[in-house]
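Below is one structure, written out as structure tokens, with a few remarks after it.
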Amino acid sequence: MGRALASWGMLGLVLFSGVLTACDRLDTPTPIADLVAPADPSPKQNTPESQDSTPLVEQTVLISGVIVRRVPLVNGAVYLLQDETSAIWVRTDHLPEETAQTMLVSGVLKSSGLETSTASEVQDRYVLENTRRPVESTP
């Protein structure tokens with residue numbers, strides 16, 4: 001009985017530490033460069049190992065940046081969010097704010113399944129927006 005309780009206690013500790021790690025990741029914005037696929041001029045094989053190599057794909061991420069471009073869609077819009085490291089497209093069901101607005105965005109990192117091409121600068125990752133709020137400027 002004592003061994004079973006110890007096993008359940010260890011499982012609870014592992015789960016609790018996983019929750020704390022996930023919460024820590026959502027306290028501070030992730031640099032966008034950590035989310036986009038690295039530019040690699042070598043040809044890629046279309047294998048499951050080559051896709052979704054970023055461990056955060058399908059995970060909730062928190063990013064902060066300036067809206068530099070907006071594109072309306074039939075059902076929502078996409079906007080390009082840029083920080084000091086890189087830029088990433090964000091898909092939303094709501095009209096985004098004006099460009100040059102700094103935003104804090106929480107969403108799920110997705111992979112489109114398209115190969116990246118450094119010649120055309122196509123990214124295969126984007127964020128599916130959950131929440132968005134303006135960043136308060138400090139005086």
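Here's how to read the names in the structure tokens: chain A, B, ... by the order shown, residue numbers from 1 in each chain, ligand numbers from 1 in the order shown.
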* Please report, as a PyMOL selection string, each residue of range 56-130 of chain A to which DSSP assigns strand (DSSP E or B) when run on this structure's backbone. => chain A and resi 60-73+76-82+87-92+102-111+117+122+125-130
Residues near range 27-33 of chain A, cut-off 8 Å, only C-alpha atoms, skip fewer than 2 positions along chain, as number ranges by chain: A: 23-25, 35-36, 61-64, 82-83, 85-88, 104
May I have the residues within 9 Å of Leu109 in chain A as a list in words, using only C-alpha atoms and disregarding those fewer than 2 positions away in the same chain?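 Surrounding residues, per the criterion: Leu35, Leu56, Val57, Glu58, Gln59, Thr60, Val61, Gly107, Ser111, Arg125, Tyr126, Val127, Leu128 and Glu129 of chain A.
Near Met103 in chain A, within 6 Å and counting only C-alpha atoms, sit Ser64, Gly65, Arg133, Pro134 and Val135 of chain A; same-chain residues fewer than 3 positions away were not included.
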Keeping N, CA, C and O atoms for every residue in the selection just given, could you write it to a file as a PDB file, in the first residue's frame?
ATOM      1  N   SER A  64       4.378  38.899 -27.928  1.00  0.00           N
ATOM      2  CA  SER A  64       4.138  40.330 -27.885  1.00  0.00           C
ATOM      3  C   SER A  64       4.843  40.957 -29.067  1.00  0.00           C
ATOM      4  O   SER A  64       5.951  40.558 -29.423  1.00  0.00           O
ATOM      5  N   GLY A  65       4.189  41.920 -29.702  1.00  0.00           N
ATOM      6  CA  GLY A  65       4.807  42.587 -30.831  1.00  0.00           C
ATOM      7  C   GLY A  65       3.905  43.657 -31.406  1.00  0.00           C
ATOM      8  O   GLY A  65       2.814  43.925 -30.892  1.00  0.00           O
ATOM      9  N   ARG A 133      -4.649  41.603 -26.330  1.00  0.00           N
ATOM     10  CA  ARG A 133      -4.896  42.860 -25.625  1.00  0.00           C
ATOM     11  C   ARG A 133      -3.751  43.826 -25.893  1.00  0.00           C
ATOM     12  O   ARG A 133      -2.600  43.401 -26.105  1.00  0.00           O
ATOM     13  N   PRO A 134      -4.040  45.116 -25.890  1.00  0.00           N
ATOM     14  CA  PRO A 134      -2.976  46.098 -26.121  1.00  0.00           C
ATOM     15  C   PRO A 134      -1.983  46.103 -24.967  1.00  0.00           C
ATOM     16  O   PRO A 134      -2.337  45.840 -23.823  1.00  0.00           O
ATOM     17  N   VAL A 135      -0.740  46.370 -25.291  1.00  0.00           N
ATOM     18  CA  VAL A 135       0.295  46.497 -24.270  1.00  0.00           C
ATOM     19  C   VAL A 135       0.317  47.956 -23.822  1.00  0.00           C
ATOM     20  O   VAL A 135       0.368  48.859 -24.651  1.00  0.00           O
TER      21      VAL A 135
END
Length of the CA of Arg91 in chain A to CA of Glu136 in chain A vector [Å]
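That distance, rounded to one decimal, is 22.4 Å.
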*Who sits within 12 Å of Pro72 in chain A, only C-alpha atoms, same chain under 2 positions skipped, as a PyMOL selection string*: chain A and resi 69-70+74-80+90-97
Write the selection just made, keeping all heavy atoms, as a tab-separated table (two decimals), in the first residue's frame?
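Written output follows (result.tsv):
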chain	number	residue	atom	x	y	z
A	69	ARG	N	1.05	44.47	-40.41
A	69	ARG	CA	0.22	44.29	-41.59
A	69	ARG	C	-1.05	43.56	-41.20
A	69	ARG	O	-1.03	42.66	-40.37
A	69	ARG	CB	0.98	43.49	-42.65
A	69	ARG	CG	0.24	43.37	-43.97
A	69	ARG	CD	1.04	42.65	-45.01
A	69	ARG	NE	2.28	43.37	-45.26
A	69	ARG	CZ	3.34	42.82	-45.83
A	69	ARG	NH1	3.33	41.56	-46.19
A	69	ARG	NH2	4.43	43.53	-46.04
A	70	ARG	N	-2.18	43.94	-41.83
A	70	ARG	CA	-3.46	43.27	-41.60
A	70	ARG	C	-4.04	42.84	-42.93
A	70	ARG	O	-3.98	43.58	-43.91
A	70	ARG	CB	-4.46	44.21	-40.94
A	70	ARG	CG	-4.02	44.78	-39.63
A	70	ARG	CD	-5.05	45.67	-38.99
A	70	ARG	NE	-5.59	46.68	-39.90
A	70	ARG	CZ	-6.72	47.33	-39.71
A	70	ARG	NH1	-7.44	47.11	-38.64
A	70	ARG	NH2	-7.14	48.23	-40.57
A	74	VAL	N	-12.64	36.23	-45.24
A	74	VAL	CA	-14.10	36.11	-45.21
A	74	VAL	C	-14.57	35.92	-43.77
A	74	VAL	O	-15.53	36.56	-43.34
A	74	VAL	CB	-14.56	34.94	-46.10
A	74	VAL	CG1	-16.05	34.70	-45.96
A	74	VAL	CG2	-14.19	35.20	-47.55
A	75	ASN	N	-13.90	35.06	-43.02
A	75	ASN	CA	-14.26	34.81	-41.62
A	75	ASN	C	-13.11	35.21	-40.72
A	75	ASN	O	-12.36	34.38	-40.24
A	75	ASN	CB	-14.59	33.32	-41.40
A	75	ASN	CG	-15.84	32.91	-42.11
A	75	ASN	OD1	-16.79	33.68	-42.18
A	75	ASN	ND2	-15.85	31.71	-42.64
A	76	GLY	N	-12.94	36.50	-40.49
A	76	GLY	CA	-11.88	36.98	-39.61
A	76	GLY	C	-10.79	37.71	-40.36
A	76	GLY	O	-11.06	38.42	-41.33
A	77	ALA	N	-9.56	37.50	-39.92
A	77	ALA	CA	-8.42	38.20	-40.52
A	77	ALA	C	-7.14	37.51	-40.08
A	77	ALA	O	-7.13	36.67	-39.19
A	77	ALA	CB	-8.41	39.66	-40.07
A	78	VAL	N	-6.05	37.89	-40.73
A	78	VAL	CA	-4.71	37.55	-40.27
A	78	VAL	C	-3.94	38.85	-40.14
A	78	VAL	O	-4.23	39.82	-40.84
A	78	VAL	CB	-3.97	36.57	-41.21
A	78	VAL	CG1	-4.62	35.20	-41.21
A	78	VAL	CG2	-3.86	37.12	-42.61
A	79	TYR	N	-3.00	38.87	-39.22
A	79	TYR	CA	-2.14	40.04	-39.09
A	79	TYR	C	-0.73	39.57	-38.78
A	79	TYR	O	-0.52	38.51	-38.19
A	79	TYR	CB	-2.66	41.03	-38.04
A	79	TYR	CG	-2.87	40.48	-36.65
A	79	TYR	CD1	-1.86	40.55	-35.69
A	79	TYR	CD2	-4.08	39.90	-36.27
A	79	TYR	CE1	-2.05	40.07	-34.41
A	79	TYR	CE2	-4.28	39.42	-35.00
A	79	TYR	CZ	-3.27	39.50	-34.07
A	79	TYR	OH	-3.46	39.01	-32.80
A	80	LEU	N	0.23	40.37	-39.24
A	80	LEU	CA	1.63	40.07	-39.03
A	80	LEU	C	2.08	40.77	-37.76
A	80	LEU	O	2.00	41.99	-37.66
A	80	LEU	CB	2.46	40.53	-40.23
A	80	LEU	CG	3.91	40.09	-40.28
A	80	LEU	CD1	4.02	38.56	-40.32
A	80	LEU	CD2	4.61	40.70	-41.49
A	90	VAL	N	-0.69	35.85	-37.40
A	90	VAL	CA	-1.66	35.46	-36.37
A	90	VAL	C	-3.03	35.41	-37.03
A	90	VAL	O	-3.46	36.37	-37.68
A	90	VAL	CB	-1.66	36.46	-35.20
A	90	VAL	CG1	-2.69	36.04	-34.14
A	90	VAL	CG2	-0.27	36.57	-34.58
A	91	ARG	N	-3.75	34.30	-36.88
A	91	ARG	CA	-5.10	34.12	-37.42
A	91	ARG	C	-6.09	34.46	-36.32
A	91	ARG	O	-5.96	33.99	-35.20
A	91	ARG	CB	-5.29	32.68	-37.90
A	91	ARG	CG	-6.70	32.27	-38.22
A	91	ARG	CD	-7.16	32.86	-39.55
A	91	ARG	NE	-8.41	32.29	-40.00
A	91	ARG	CZ	-9.61	32.76	-39.68
A	91	ARG	NH1	-9.72	33.77	-38.86
A	91	ARG	NH2	-10.70	32.22	-40.16
A	92	THR	N	-7.09	35.30	-36.64
A	92	THR	CA	-8.08	35.72	-35.65
A	92	THR	C	-9.47	35.69	-36.24
A	92	THR	O	-9.64	35.81	-37.46
A	92	THR	CB	-7.76	37.13	-35.11
A	92	THR	OG1	-8.74	37.49	-34.14
A	92	THR	CG2	-7.75	38.17	-36.23
A	93	ASP	N	-10.46	35.54	-35.39
A	93	ASP	CA	-11.86	35.61	-35.81
A	93	ASP	C	-12.40	37.04	-35.72
A	93	ASP	O	-13.51	37.31	-36.13
A	93	ASP	CB	-12.73	34.69	-34.94
A	93	ASP	CG	-12.42	33.22	-35.18
A	93	ASP	OD1	-11.97	32.88	-36.28
A	93	ASP	OD2	-12.61	32.43	-34.24
A	94	HIS	N	-11.59	37.93	-35.15
A	94	HIS	CA	-12.01	39.32	-34.94
A	94	HIS	C	-11.11	40.26	-35.72
A	94	HIS	O	-9.95	39.95	-35.98
A	94	HIS	CB	-11.95	39.67	-33.45
A	94	HIS	CG	-12.65	38.66	-32.59
A	94	HIS	ND1	-14.01	38.55	-32.53
A	94	HIS	CD2	-12.16	37.70	-31.77
A	94	HIS	CE1	-14.33	37.57	-31.71
A	94	HIS	NE2	-13.22	37.04	-31.24
A	95	LEU	N	-11.63	41.42	-36.05
A	95	LEU	CA	-10.83	42.41	-36.75
A	95	LEU	C	-9.69	42.88	-35.85
A	95	LEU	O	-9.93	43.27	-34.71
A	95	LEU	CB	-11.73	43.60	-37.13
A	95	LEU	CG	-11.37	44.32	-38.41
A	95	LEU	CD1	-11.30	43.36	-39.58
A	95	LEU	CD2	-12.38	45.40	-38.70
A	96	PRO	N	-8.45	42.83	-36.33
A	96	PRO	CA	-7.34	43.28	-35.49
A	96	PRO	C	-7.29	44.81	-35.41
A	96	PRO	O	-7.88	45.51	-36.21
A	96	PRO	CB	-6.10	42.74	-36.21
A	96	PRO	CG	-6.53	42.55	-37.61
A	96	PRO	CD	-8.01	42.28	-37.59
A	97	GLU	N	-6.55	45.28	-34.41
A	97	GLU	CA	-6.37	46.71	-34.22
A	97	GLU	C	-5.58	47.29	-35.39
A	97	GLU	O	-5.08	46.57	-36.24
A	97	GLU	CB	-5.64	46.99	-32.90
A	97	GLU	CG	-6.54	46.95	-31.67
A	97	GLU	CD	-7.01	45.54	-31.30
A	97	GLU	OE1	-6.51	44.56	-31.88
A	97	GLU	OE2	-7.87	45.43	-30.43
